[in-house]
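Asks: My structure is stored as data22.pdb, with PDB, C-alpha atoms and all ligand atoms.
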```pdb
ATOM      1  CA  MET T   1      24.911-117.043-109.347  1.00  0.00           C
ATOM      2  CA  ASP T   2      23.940-117.601-105.738  1.00  0.00           C
ATOM      3  CA  ALA T   3      25.187-115.366-102.954  1.00  0.00           C
ATOM      4  CA  MET T   4      27.871-117.714-101.600  1.00  0.00           C
ATOM      5  CA  GLU T   5      29.235-118.379-105.056  1.00  0.00           C
ATOM      6  CA  ALA T   6      29.400-114.641-105.722  1.00  0.00           C
ATOM      7  CA  LEU T   7      31.176-113.969-102.436  1.00  0.00           C
ATOM      8  CA  LEU T   8      33.670-116.795-102.895  1.00  0.00           C
ATOM      9  CA  SER T   9      34.468-116.176-106.547  1.00  0.00           C
ATOM     10  CA  ARG T  10      34.776-112.381-106.778  1.00  0.00           C
ATOM     11  CA  LYS T  11      38.230-111.350-107.927  1.00  0.00           C
ATOM     12  CA  SER T  12      39.403-107.891-108.872  1.00  0.00           C
ATOM     13  CA  THR T  13      40.619-107.308-112.356  1.00  0.00           C
ATOM     14  CA  ALA T  14      42.149-104.189-113.848  1.00  0.00           C
ATOM     15  CA  GLN T  15      41.709-105.468-117.402  1.00  0.00           C
ATOM     16  CA  ILE T  16      38.149-104.409-118.145  1.00  0.00           C
ATOM     17  CA  GLU T  17      36.282-103.777-121.364  1.00  0.00           C
ATOM     18  CA  GLU T  18      32.746-103.231-122.685  1.00  0.00           C
ATOM     19  CA  PRO T  19      30.025-104.076-121.960  1.00  0.00           C
ATOM     20  CA  ALA T  20      29.369-102.266-118.727  1.00  0.00           C
ATOM     21  CA  PRO T  21      26.165-102.909-116.799  1.00  0.00           C
ATOM     22  CA  GLY T  22      23.202-101.396-118.657  1.00  0.00           C
ATOM     23  CA  SER T  23      20.506 -99.381-116.928  1.00  0.00           C
ATOM     24  CA  GLU T  24      18.536-102.419-115.725  1.00  0.00           C
ATOM     25  CA  ASP T  25      21.599-104.063-114.165  1.00  0.00           C
ATOM     26  CA  LEU T  26      22.768-100.708-112.800  1.00  0.00           C
ATOM     27  CA  GLU T  27      19.481-100.321-110.962  1.00  0.00           C
ATOM     28  CA  LYS T  28      19.987-103.766-109.384  1.00  0.00           C
ATOM     29  CA  ILE T  29      23.559-102.891-108.478  1.00  0.00           C
ATOM     30  CA  PHE T  30      22.504 -99.640-106.770  1.00  0.00           C
ATOM     31  CA  GLN T  31      19.657-101.419-104.989  1.00  0.00           C
ATOM     32  CA  ALA T  32      22.278-103.857-103.659  1.00  0.00           C
ATOM     33  CA  ALA T  33      24.367-100.864-102.516  1.00  0.00           C
ATOM     34  CA  LEU T  34      21.380 -99.554-100.575  1.00  0.00           C
ATOM     35  CA  ARG T  35      21.195-102.858 -98.678  1.00  0.00           C
ATOM     36  CA  ALA T  36      24.480-102.111 -96.929  1.00  0.00           C
ATOM     37  CA  PRO T  37      24.203-102.027 -93.145  1.00  0.00           C
ATOM     38  CA  ASP T  38      23.514 -98.480 -92.038  1.00  0.00           C
ATOM     39  CA  HIS T  39      23.356 -97.567 -88.336  1.00  0.00           C
ATOM     40  CA  GLY T  40      20.453 -95.197 -87.788  1.00  0.00           C
ATOM     41  CA  CYS T  41      19.231 -95.656 -91.374  1.00  0.00           C
ATOM     42  CA  ILE T  42      20.800 -92.337 -92.331  1.00  0.00           C
ATOM     43  CA  ARG T  43      21.963 -93.497 -95.774  1.00  0.00           C
ATOM     44  CA  PRO T  44      25.369 -91.818 -95.532  1.00  0.00           C
ATOM     45  CA  TRP T  45      26.361 -92.330 -99.138  1.00  0.00           C
ATOM     46  CA  ARG T  46      26.212 -90.927-102.629  1.00  0.00           C
ATOM     47  CA  PHE T  47      27.033 -92.724-105.859  1.00  0.00           C
ATOM     48  CA  ILE T  48      28.077 -90.791-108.944  1.00  0.00           C
ATOM     49  CA  TYR T  49      28.564 -92.789-112.089  1.00  0.00           C
ATOM     50  CA  PHE T  50      30.481 -91.855-115.199  1.00  0.00           C
ATOM     51  CA  GLN T  51      30.150 -93.633-118.518  1.00  0.00           C
ATOM     52  CA  GLY T  52      30.800 -92.874-122.164  1.00  0.00           C
ATOM     53  CA  ASP T  53      32.081 -89.353-122.839  1.00  0.00           C
ATOM     54  CA  MET T  54      31.347 -88.265-119.274  1.00  0.00           C
ATOM     55  CA  ARG T  55      34.471 -90.155-118.216  1.00  0.00           C
ATOM     56  CA  ALA T  56      36.447 -87.371-119.910  1.00  0.00           C
ATOM     57  CA  GLU T  57      35.027 -84.886-117.395  1.00  0.00           C
ATOM     58  CA  LEU T  58      36.231 -87.068-114.533  1.00  0.00           C
ATOM     59  CA  GLY T  59      39.615 -87.267-116.244  1.00  0.00           C
ATOM     60  CA  GLU T  60      39.685 -83.447-116.406  1.00  0.00           C
ATOM     61  CA  ILE T  61      38.934 -83.234-112.697  1.00  0.00           C
ATOM     62  CA  PHE T  62      41.772 -85.696-111.949  1.00  0.00           C
ATOM     63  CA  CYS T  63      44.065 -83.642-114.164  1.00  0.00           C
ATOM     64  CA  GLU T  64      43.174 -80.313-112.521  1.00  0.00           C
ATOM     65  CA  ALA T  65      43.786 -81.924-109.135  1.00  0.00           C
ATOM     66  CA  LEU T  66      47.162 -83.244-110.199  1.00  0.00           C
ATOM     67  CA  LEU T  67      48.165 -79.826-111.532  1.00  0.00           C
ATOM     68  CA  LYS T  68      47.284 -78.245-108.203  1.00  0.00           C
ATOM     69  CA  GLU T  69      49.493 -80.788-106.419  1.00  0.00           C
ATOM     70  CA  ARG T  70      52.263 -80.810-109.002  1.00  0.00           C
ATOM     71  CA  PRO T  71      52.238 -77.647-111.155  1.00  0.00           C
ATOM     72  CA  ASP T  72      55.339 -78.942-112.944  1.00  0.00           C
ATOM     73  CA  ALA T  73      53.704 -82.224-114.039  1.00  0.00           C
ATOM     74  CA  THR T  74      54.730 -83.141-117.574  1.00  0.00           C
ATOM     75  CA  GLU T  75      52.276 -83.461-120.460  1.00  0.00           C
ATOM     76  CA  ALA T  76      52.794 -87.227-120.417  1.00  0.00           C
ATOM     77  CA  VAL T  77      51.899 -87.458-116.731  1.00  0.00           C
ATOM     78  CA  LEU T  78      48.835 -85.244-117.244  1.00  0.00           C
ATOM     79  CA  GLU T  79      47.725 -87.293-120.231  1.00  0.00           C
ATOM     80  CA  LYS T  80      47.956 -90.481-118.184  1.00  0.00           C
ATOM     81  CA  GLU T  81      45.881 -88.914-115.408  1.00  0.00           C
ATOM     82  CA  LYS T  82      43.285 -87.698-117.898  1.00  0.00           C
ATOM     83  CA  ASN T  83      42.897 -91.198-119.297  1.00  0.00           C
ATOM     84  CA  LYS T  84      42.489 -92.978-115.981  1.00  0.00           C
ATOM     85  CA  PRO T  85      38.662 -93.093-116.103  1.00  0.00           C
ATOM     86  CA  PHE T  86      38.897 -94.757-119.501  1.00  0.00           C
ATOM     87  CA  ARG T  87      40.381 -97.868-117.918  1.00  0.00           C
ATOM     88  CA  ALA T  88      36.809 -99.199-117.667  1.00  0.00           C
ATOM     89  CA  PRO T  89      33.524 -98.442-119.421  1.00  0.00           C
ATOM     90  CA  LEU T  90      31.863 -97.480-116.127  1.00  0.00           C
ATOM     91  CA  VAL T  91      33.320 -95.709-113.108  1.00  0.00           C
ATOM     92  CA  ILE T  92      31.314 -95.252-109.920  1.00  0.00           C
ATOM     93  CA  ALA T  93      32.517 -92.781-107.306  1.00  0.00           C
ATOM     94  CA  VAL T  94      31.316 -93.867-103.872  1.00  0.00           C
ATOM     95  CA  ILE T  95      31.161 -91.025-101.394  1.00  0.00           C
ATOM     96  CA  ALA T  96      30.496 -91.221 -97.678  1.00  0.00           C
ATOM     97  CA  LYS T  97      28.232 -88.201 -97.078  1.00  0.00           C
ATOM     98  CA  VAL T  98      28.831 -87.861 -93.388  1.00  0.00           C
ATOM     99  CA  GLN T  99      26.173 -86.299 -91.198  1.00  0.00           C
ATOM    100  CA  GLU T 100      28.322 -84.541 -88.645  1.00  0.00           C
ATOM    101  CA  GLN T 101      25.393 -83.698 -86.351  1.00  0.00           C
ATOM    102  CA  SER T 102      24.219 -87.312 -86.211  1.00  0.00           C
ATOM    103  CA  LYS T 103      24.769 -89.400 -83.093  1.00  0.00           C
ATOM    104  CA  ILE T 104      26.129 -92.122 -85.382  1.00  0.00           C
ATOM    105  CA  PRO T 105      29.948 -91.928 -85.227  1.00  0.00           C
ATOM    106  CA  VAL T 106      31.727 -90.702 -88.364  1.00  0.00           C
ATOM    107  CA  ILE T 107      33.666 -93.960 -88.656  1.00  0.00           C
ATOM    108  CA  GLU T 108      30.427 -95.937 -88.762  1.00  0.00           C
ATOM    109  CA  GLN T 109      29.074 -93.753 -91.538  1.00  0.00           C
ATOM    110  CA  ILE T 110      32.238 -94.215 -93.577  1.00  0.00           C
ATOM    111  CA  LEU T 111      32.146 -97.966 -92.962  1.00  0.00           C
ATOM    112  CA  SER T 112      28.564 -98.002 -94.229  1.00  0.00           C
ATOM    113  CA  ALA T 113      29.640 -96.338 -97.465  1.00  0.00           C
ATOM    114  CA  GLY T 114      32.479 -98.873 -97.733  1.00  0.00           C
ATOM    115  CA  ALA T 115      29.994-101.704 -97.252  1.00  0.00           C
ATOM    116  CA  ALA T 116      27.832-100.168 -99.988  1.00  0.00           C
ATOM    117  CA  ALA T 117      30.879-100.096-102.271  1.00  0.00           C
ATOM    118  CA  GLN T 118      31.542-103.764-101.583  1.00  0.00           C
ATOM    119  CA  ASN T 119      27.889-104.601-102.244  1.00  0.00           C
ATOM    120  CA  ILE T 120      28.309-102.906-105.629  1.00  0.00           C
ATOM    121  CA  MET T 121      31.390-105.002-106.394  1.00  0.00           C
ATOM    122  CA  ILE T 122      29.660-108.239-105.385  1.00  0.00           C
ATOM    123  CA  ALA T 123      26.398-107.412-107.175  1.00  0.00           C
ATOM    124  CA  ALA T 124      28.261-106.512-110.366  1.00  0.00           C
ATOM    125  CA  HIS T 125      30.176-109.791-110.169  1.00  0.00           C
ATOM    126  CA  ALA T 126      26.980-111.769-109.530  1.00  0.00           C
ATOM    127  CA  LEU T 127      25.531-110.235-112.699  1.00  0.00           C
ATOM    128  CA  GLY T 128      28.564-111.328-114.708  1.00  0.00           C
ATOM    129  CA  TYR T 129      30.634-108.132-114.640  1.00  0.00           C
ATOM    130  CA  ALA T 130      34.062-107.494-113.189  1.00  0.00           C
ATOM    131  CA  GLY T 131      36.147-104.634-111.980  1.00  0.00           C
ATOM    132  CA  ILE T 132      38.352-103.128-109.365  1.00  0.00           C
ATOM    133  CA  TRP T 133      37.939-100.748-106.445  1.00  0.00           C
ATOM    134  CA  ARG T 134      40.550 -98.023-106.646  1.00  0.00           C
ATOM    135  CA  SER T 135      41.420 -95.059-104.473  1.00  0.00           C
ATOM    136  CA  GLY T 136      44.699 -93.332-105.211  1.00  0.00           C
ATOM    137  CA  SER T 137      45.416 -89.660-104.586  1.00  0.00           C
ATOM    138  CA  PRO T 138      42.161 -88.414-106.232  1.00  0.00           C
ATOM    139  CA  CYS T 139      40.187 -89.819-103.277  1.00  0.00           C
ATOM    140  CA  PHE T 140      42.008 -87.518-100.905  1.00  0.00           C
ATOM    141  CA  ASN T 141      42.463 -84.462-103.078  1.00  0.00           C
ATOM    142  CA  ASP T 142      40.472 -81.365-102.063  1.00  0.00           C
ATOM    143  CA  HIS T 143      39.766 -80.349-105.664  1.00  0.00           C
ATOM    144  CA  VAL T 144      38.353 -83.772-106.568  1.00  0.00           C
ATOM    145  CA  ARG T 145      36.444 -83.850-103.293  1.00  0.00           C
ATOM    146  CA  ALA T 146      34.854 -80.467-103.933  1.00  0.00           C
ATOM    147  CA  ARG T 147      33.969 -81.254-107.548  1.00  0.00           C
ATOM    148  CA  LEU T 148      32.254 -84.463-106.431  1.00  0.00           C
ATOM    149  CA  GLY T 149      30.485 -82.758-103.538  1.00  0.00           C
ATOM    150  CA  ALA T 150      32.562 -84.133-100.660  1.00  0.00           C
ATOM    151  CA  TYR T 151      33.159 -81.624 -97.868  1.00  0.00           C
ATOM    152  CA  GLY T 152      34.224 -81.682 -94.220  1.00  0.00           C
ATOM    153  CA  GLU T 153      34.161 -85.220 -92.886  1.00  0.00           C
ATOM    154  CA  ASP T 154      32.818 -86.637 -96.165  1.00  0.00           C
ATOM    155  CA  GLN T 155      35.107 -89.206 -97.766  1.00  0.00           C
ATOM    156  CA  ILE T 156      35.461 -90.476-101.285  1.00  0.00           C
ATOM    157  CA  VAL T 157      35.735 -94.133-100.327  1.00  0.00           C
ATOM    158  CA  GLY T 158      36.658 -95.220-103.807  1.00  0.00           C
ATOM    159  CA  PHE T 159      36.255 -95.266-107.539  1.00  0.00           C
ATOM    160  CA  LEU T 160      34.781 -98.551-108.731  1.00  0.00           C
ATOM    161  CA  TYR T 161      35.927 -99.417-112.239  1.00  0.00           C
ATOM    162  CA  LEU T 162      33.424-101.826-113.768  1.00  0.00           C
ATOM    163  CA  GLY T 163      32.797-103.620-117.024  1.00  0.00           C
ATOM    164  CA  THR T 164      33.530-107.057-118.421  1.00  0.00           C
ATOM    165  CA  ALA T 165      36.732-108.921-117.595  1.00  0.00           C
ATOM    166  CA  LYS T 166      39.196-109.266-120.461  1.00  0.00           C
ATOM    167  CA  SER T 167      40.808-112.145-118.608  1.00  0.00           C
ATOM    168  CA  HIS T 168      40.216-113.893-115.329  1.00  0.00           C
ATOM    169  CA  PRO T 169      43.051-113.691-112.823  1.00  0.00           C
ATOM    170  CA  PRO T 170      43.715-116.814-110.743  1.00  0.00           C
ATOM    171  CA  MET T 171      41.865-117.118-107.465  1.00  0.00           C
ATOM    172  CA  PRO T 172      44.047-117.042-104.358  1.00  0.00           C
ATOM    173  CA  ASP T 173      43.852-120.027-102.053  1.00  0.00           C
ATOM    174  CA  VAL T 174      44.258-118.624 -98.555  1.00  0.00           C
ATOM    175  CA  PRO T 175      43.172-120.685 -95.558  1.00  0.00           C
ATOM    176  CA  ALA T 176      40.871-118.599 -93.351  1.00  0.00           C
ATOM    177  CA  ALA T 177      42.599-120.115 -90.322  1.00  0.00           C
ATOM    178  CA  GLU T 178      45.524-117.732 -90.864  1.00  0.00           C
ATOM    179  CA  TYR T 179      43.271-114.857 -89.788  1.00  0.00           C
ATOM    180  CA  VAL T 180      40.774-116.575 -87.534  1.00  0.00           C
ATOM    181  CA  MET T 181      40.967-117.940 -84.034  1.00  0.00           C
ATOM    182  CA  GLU T 182      38.410-119.303 -81.679  1.00  0.00           C
ATOM    183  CA  TRP T 183      38.537-117.588 -78.322  1.00  0.00           C
ATOM    184  CA  GLN T 184      39.700-119.991 -75.627  1.00  0.00           C
ATOM    185  CA  ALA T 185      38.500-119.679 -72.049  1.00  0.00           C
ATOM    186  CA  ALA T 186      40.971-117.466 -70.163  1.00  0.00           C
ATOM    187  CA  ASN T 187      41.249-119.865 -67.252  1.00  0.00           C
ATOM    188  CA  GLY T 188      40.574-122.986 -69.222  1.00  0.00           C
TER     189      GLY T 188
HETATM  190  C1  LIG A   1      39.563 -98.729-100.177  1.00  0.00           C
HETATM  191  C2  LIG A   1      40.353 -99.489-101.209  1.00  0.00           C
HETATM  192  C3  LIG A   1      41.156 -98.799-102.094  1.00  0.00           C
HETATM  193  C4  LIG A   1      41.900 -99.476-103.053  1.00  0.00           C
HETATM  194  N1  LIG A   1      42.671 -98.765-103.927  1.00  0.00           N
HETATM  195  C5  LIG A   1      43.360 -99.417-104.889  1.00  0.00           C
HETATM  196  C6  LIG A   1      44.104 -98.691-105.856  1.00  0.00           C
HETATM  197  O1  LIG A   1      44.112 -97.458-105.890  1.00  0.00           O
HETATM  198  N2  LIG A   1      44.801 -99.386-106.778  1.00  0.00           N
HETATM  199  C7  LIG A   1      44.792-100.766-106.793  1.00  0.00           C
HETATM  200  O2  LIG A   1      45.448-101.359-107.653  1.00  0.00           O
HETATM  201  N3  LIG A   1      44.084-101.474-105.900  1.00  0.00           N
HETATM  202  C8  LIG A   1      43.364-100.839-104.947  1.00  0.00           C
HETATM  203  N4  LIG A   1      42.641-101.545-104.034  1.00  0.00           N
HETATM  204  C9  LIG A   1      42.734-103.025-104.016  1.00  0.00           C
HETATM  205  C10 LIG A   1      41.912-103.693-105.099  1.00  0.00           C
HETATM  206  O3  LIG A   1      40.588-103.196-105.112  1.00  0.00           O
HETATM  207  C11 LIG A   1      41.850-105.224-104.857  1.00  0.00           C
HETATM  208  O4  LIG A   1      41.151-105.504-103.685  1.00  0.00           O
HETATM  209  C12 LIG A   1      43.217-105.845-104.804  1.00  0.00           C
HETATM  210  O5  LIG A   1      43.847-105.662-106.052  1.00  0.00           O
HETATM  211  C13 LIG A   1      43.167-107.354-104.456  1.00  0.00           C
HETATM  212  O6  LIG A   1      42.381-108.031-105.397  1.00  0.00           O
HETATM  213  P1  LIG A   1      41.123-108.905-104.930  1.00  0.00           P
HETATM  214  O7  LIG A   1      40.046-107.923-104.551  1.00  0.00           O
HETATM  215  O8  LIG A   1      40.793-109.739-106.099  1.00  0.00           O
HETATM  216  O9  LIG A   1      41.566-109.730-103.760  1.00  0.00           O
HETATM  217  C14 LIG A   1      41.862-100.901-103.097  1.00  0.00           C
HETATM  218  C15 LIG A   1      41.010-101.582-102.222  1.00  0.00           C
HETATM  219  C16 LIG A   1      40.261-100.886-101.286  1.00  0.00           C
HETATM  220  C17 LIG A   1      39.345-101.651-100.354  1.00  0.00           C
END
```
Kindly present the structure from the file in structure tokens form.
Replies:
Amino acid sequence: MDAMEALLSRKSTAQIEEPAPGSEDLEKIFQAALRAPDHGCIRPWRFIYFQGDMRAELGEIFCEALLKERPDATEAVLEKEKNKPFRAPLVIAVIAKVQEQSKIPVIEQILSAGAAAQNIMIAAHALGYAGIWRSGSPCFNDHVRARLGAYGEDQIVGFLYLGTAKSHPPMPDVPAAEYVMEWQAANG
């Protein structure tokens, strides 16, 4: 798939199954992540991936976090939280590892990590996979942050759920003109 086709045809899907990208495709996907624009070349990102049984450990972390926020959470709610990482065969946590002493503004470092996340989504799609970028409360929870090594200004920019699409949702048809304007000369 060429780059324009990948950009124009990517569509999120929450219905994901095996197979996930194998190690060769994963390497390509992470190389694509590293091509995100990065002011100062400080590489302000970390990627932690969970597959197979390791997803249960992420589910435990989500569960512990939920219990800290809602000690009265029911078993059913906790069970649902625990199973969240099993919604796809591969989950990648993308973390903006912010260098607070850098002259590069924090927002730029976080945007870089976001661009890396999008490169992952596009690269996975170009290789024939599908998925969805999710945040939700775990991204902002101190327990999850600490367990994934995010401190201070660091941000978990998302959890990327990846695998193979069970079905292909329809593509939206939105004219770019709704969001785009050409600047007109002020005194023209
Ligand atoms: C930072 C970020 C966080 C997101 N978090 C969620 C989420 O927690 N749950 C969700 O259903 N969609 C979330 N989305 C939106 C989906 O990834 C997706 O973009 C949306 O469903 C629209 O589908 P599309 O990408 O095919 O246009 C998030 C997107 C971004 C950029």
Asks: In terms of the shortest atom-to-atom distance over all atoms listed in the file, which of T:Met181, T:Ala150, T:Val91, T:Ala165 is closest to T:Asp53?
Replies: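 For T:Asp53, the nearest of the given residues is T:Val91.
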Asks: List the residues selected by the PyMOL selection byres (((chain T and resi 102) around 12) and not hetatm) in the file shown, writing them as a PyMOL selection string.
Replies: chain T and resi 39-44+97-101+103-109
Asks: Those selected residues, please, written with C-alpha atoms and delivered as an mmCIF file, keeping the file's coordinate frame.
Replies:
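Output file again-v2.cif follows:
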```
data_model
loop_
_atom_site.group_PDB
_atom_site.id
_atom_site.type_symbol
_atom_site.label_atom_id
_atom_site.label_comp_id
_atom_site.auth_asym_id
_atom_site.auth_seq_id
_atom_site.Cartn_x
_atom_site.Cartn_y
_atom_site.Cartn_z
ATOM 1 C CA HIS T 39 23.356 -97.567 -88.336
ATOM 2 C CA GLY T 40 20.453 -95.197 -87.788
ATOM 3 C CA CYS T 41 19.231 -95.656 -91.374
ATOM 4 C CA ILE T 42 20.800 -92.337 -92.331
ATOM 5 C CA ARG T 43 21.963 -93.497 -95.774
ATOM 6 C CA PRO T 44 25.369 -91.818 -95.532
ATOM 7 C CA LYS T 97 28.232 -88.201 -97.078
ATOM 8 C CA VAL T 98 28.831 -87.861 -93.388
ATOM 9 C CA GLN T 99 26.173 -86.299 -91.198
ATOM 10 C CA GLU T 100 28.322 -84.541 -88.645
ATOM 11 C CA GLN T 101 25.393 -83.698 -86.351
ATOM 12 C CA LYS T 103 24.769 -89.400 -83.093
ATOM 13 C CA ILE T 104 26.129 -92.122 -85.382
ATOM 14 C CA PRO T 105 29.948 -91.928 -85.227
ATOM 15 C CA VAL T 106 31.727 -90.702 -88.364
ATOM 16 C CA ILE T 107 33.666 -93.960 -88.656
ATOM 17 C CA GLU T 108 30.427 -95.937 -88.762
ATOM 18 C CA GLN T 109 29.074 -93.753 -91.538
#
```
Asks: Step by step, measure atom-to-atom distances between ligand LIG 1 (chain A) and each residue using all atoms listed in the file, keep those at most 12 Å, then write them as a PDB file with C-alpha atoms, in the coordinates of the input.
Replies:
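Written output follows (selection-v8.pdb):
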```pdb
ATOM      1  CA  LEU T   7      31.176-113.969-102.436  1.00  0.00           C
ATOM      2  CA  LEU T   8      33.670-116.795-102.895  1.00  0.00           C
ATOM      3  CA  SER T   9      34.468-116.176-106.547  1.00  0.00           C
ATOM      4  CA  ARG T  10      34.776-112.381-106.778  1.00  0.00           C
ATOM      5  CA  LYS T  11      38.230-111.350-107.927  1.00  0.00           C
ATOM      6  CA  SER T  12      39.403-107.891-108.872  1.00  0.00           C
ATOM      7  CA  THR T  13      40.619-107.308-112.356  1.00  0.00           C
ATOM      8  CA  ALA T  14      42.149-104.189-113.848  1.00  0.00           C
ATOM      9  CA  GLN T  15      41.709-105.468-117.402  1.00  0.00           C
ATOM     10  CA  LYS T  84      42.489 -92.978-115.981  1.00  0.00           C
ATOM     11  CA  ARG T  87      40.381 -97.868-117.918  1.00  0.00           C
ATOM     12  CA  ALA T  93      32.517 -92.781-107.306  1.00  0.00           C
ATOM     13  CA  VAL T  94      31.316 -93.867-103.872  1.00  0.00           C
ATOM     14  CA  ILE T  95      31.161 -91.025-101.394  1.00  0.00           C
ATOM     15  CA  ILE T 110      32.238 -94.215 -93.577  1.00  0.00           C
ATOM     16  CA  LEU T 111      32.146 -97.966 -92.962  1.00  0.00           C
ATOM     17  CA  ALA T 113      29.640 -96.338 -97.465  1.00  0.00           C
ATOM     18  CA  GLY T 114      32.479 -98.873 -97.733  1.00  0.00           C
ATOM     19  CA  ALA T 115      29.994-101.704 -97.252  1.00  0.00           C
ATOM     20  CA  ALA T 116      27.832-100.168 -99.988  1.00  0.00           C
ATOM     21  CA  ALA T 117      30.879-100.096-102.271  1.00  0.00           C
ATOM     22  CA  GLN T 118      31.542-103.764-101.583  1.00  0.00           C
ATOM     23  CA  ASN T 119      27.889-104.601-102.244  1.00  0.00           C
ATOM     24  CA  MET T 121      31.390-105.002-106.394  1.00  0.00           C
ATOM     25  CA  ILE T 122      29.660-108.239-105.385  1.00  0.00           C
ATOM     26  CA  HIS T 125      30.176-109.791-110.169  1.00  0.00           C
ATOM     27  CA  ALA T 130      34.062-107.494-113.189  1.00  0.00           C
ATOM     28  CA  GLY T 131      36.147-104.634-111.980  1.00  0.00           C
ATOM     29  CA  ILE T 132      38.352-103.128-109.365  1.00  0.00           C
ATOM     30  CA  TRP T 133      37.939-100.748-106.445  1.00  0.00           C
ATOM     31  CA  ARG T 134      40.550 -98.023-106.646  1.00  0.00           C
ATOM     32  CA  SER T 135      41.420 -95.059-104.473  1.00  0.00           C
ATOM     33  CA  GLY T 136      44.699 -93.332-105.211  1.00  0.00           C
ATOM     34  CA  SER T 137      45.416 -89.660-104.586  1.00  0.00           C
ATOM     35  CA  PRO T 138      42.161 -88.414-106.232  1.00  0.00           C
ATOM     36  CA  CYS T 139      40.187 -89.819-103.277  1.00  0.00           C
ATOM     37  CA  PHE T 140      42.008 -87.518-100.905  1.00  0.00           C
ATOM     38  CA  GLN T 155      35.107 -89.206 -97.766  1.00  0.00           C
ATOM     39  CA  ILE T 156      35.461 -90.476-101.285  1.00  0.00           C
ATOM     40  CA  VAL T 157      35.735 -94.133-100.327  1.00  0.00           C
ATOM     41  CA  GLY T 158      36.658 -95.220-103.807  1.00  0.00           C
ATOM     42  CA  PHE T 159      36.255 -95.266-107.539  1.00  0.00           C
ATOM     43  CA  LEU T 160      34.781 -98.551-108.731  1.00  0.00           C
ATOM     44  CA  TYR T 161      35.927 -99.417-112.239  1.00  0.00           C
ATOM     45  CA  LEU T 162      33.424-101.826-113.768  1.00  0.00           C
ATOM     46  CA  HIS T 168      40.216-113.893-115.329  1.00  0.00           C
ATOM     47  CA  PRO T 169      43.051-113.691-112.823  1.00  0.00           C
ATOM     48  CA  PRO T 170      43.715-116.814-110.743  1.00  0.00           C
ATOM     49  CA  MET T 171      41.865-117.118-107.465  1.00  0.00           C
ATOM     50  CA  PRO T 172      44.047-117.042-104.358  1.00  0.00           C
ATOM     51  CA  ASP T 173      43.852-120.027-102.053  1.00  0.00           C
ATOM     52  CA  VAL T 174      44.258-118.624 -98.555  1.00  0.00           C
TER      53      VAL T 174
END
```
Asks: The PyMOL selection byres (((chain T and resi 89) around 10) and not hetatm) on the file shown: which residues, as a PDB file with C-alpha atoms, keeping the file's coordinate frame?
Replies:
```pdb
ATOM      1  CA  ILE T  16      38.149-104.409-118.145  1.00  0.00           C
ATOM      2  CA  GLU T  17      36.282-103.777-121.364  1.00  0.00           C
ATOM      3  CA  GLU T  18      32.746-103.231-122.685  1.00  0.00           C
ATOM      4  CA  PRO T  19      30.025-104.076-121.960  1.00  0.00           C
ATOM      5  CA  ALA T  20      29.369-102.266-118.727  1.00  0.00           C
ATOM      6  CA  PRO T  21      26.165-102.909-116.799  1.00  0.00           C
ATOM      7  CA  PHE T  50      30.481 -91.855-115.199  1.00  0.00           C
ATOM      8  CA  GLN T  51      30.150 -93.633-118.518  1.00  0.00           C
ATOM      9  CA  GLY T  52      30.800 -92.874-122.164  1.00  0.00           C
ATOM     10  CA  ASP T  53      32.081 -89.353-122.839  1.00  0.00           C
ATOM     11  CA  ARG T  55      34.471 -90.155-118.216  1.00  0.00           C
ATOM     12  CA  PRO T  85      38.662 -93.093-116.103  1.00  0.00           C
ATOM     13  CA  PHE T  86      38.897 -94.757-119.501  1.00  0.00           C
ATOM     14  CA  ARG T  87      40.381 -97.868-117.918  1.00  0.00           C
ATOM     15  CA  ALA T  88      36.809 -99.199-117.667  1.00  0.00           C
ATOM     16  CA  LEU T  90      31.863 -97.480-116.127  1.00  0.00           C
ATOM     17  CA  VAL T  91      33.320 -95.709-113.108  1.00  0.00           C
ATOM     18  CA  TYR T 161      35.927 -99.417-112.239  1.00  0.00           C
ATOM     19  CA  LEU T 162      33.424-101.826-113.768  1.00  0.00           C
ATOM     20  CA  GLY T 163      32.797-103.620-117.024  1.00  0.00           C
ATOM     21  CA  THR T 164      33.530-107.057-118.421  1.00  0.00           C
TER      22      THR T 164
END
```
Asks: I'd like the box whose edges run along x, y and z of the file and which contains every listed atom of stretch 113-126 of chain T, padded by 5 Å per side; could you state its centre and edge lengths in Å, one decimal, as AutoDock Vina command-line options?
Replies:
```
--center_x 29.4 --center_y -104.1 --center_z -103.8 --size_x 16.1 --size_y 25.4 --size_z 23.1
```
Asks: Rounded to one decimal in Å, what is the spacing between atom CA of T:Gly128 and atom CA of T:Ile48?
Replies: 21.3 Å
Asks: So the first atom is atom CA of T:Ala146 and the second is atom CA of T:Ala124; what is the distance between them in Å, to one decimal place?
Replies: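 We find that atom CA of T:Ala146 and atom CA of T:Ala124 lie 27.6 Å from each other.
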Asks: Report the residues retrieved by the PyMOL selection byres (((chain T and resi 63) around 8) and not hetatm) from the displayed file, expressed as a ChimeraX atom specification.
Replies: /T:59-62,64-67,78-79,81-82
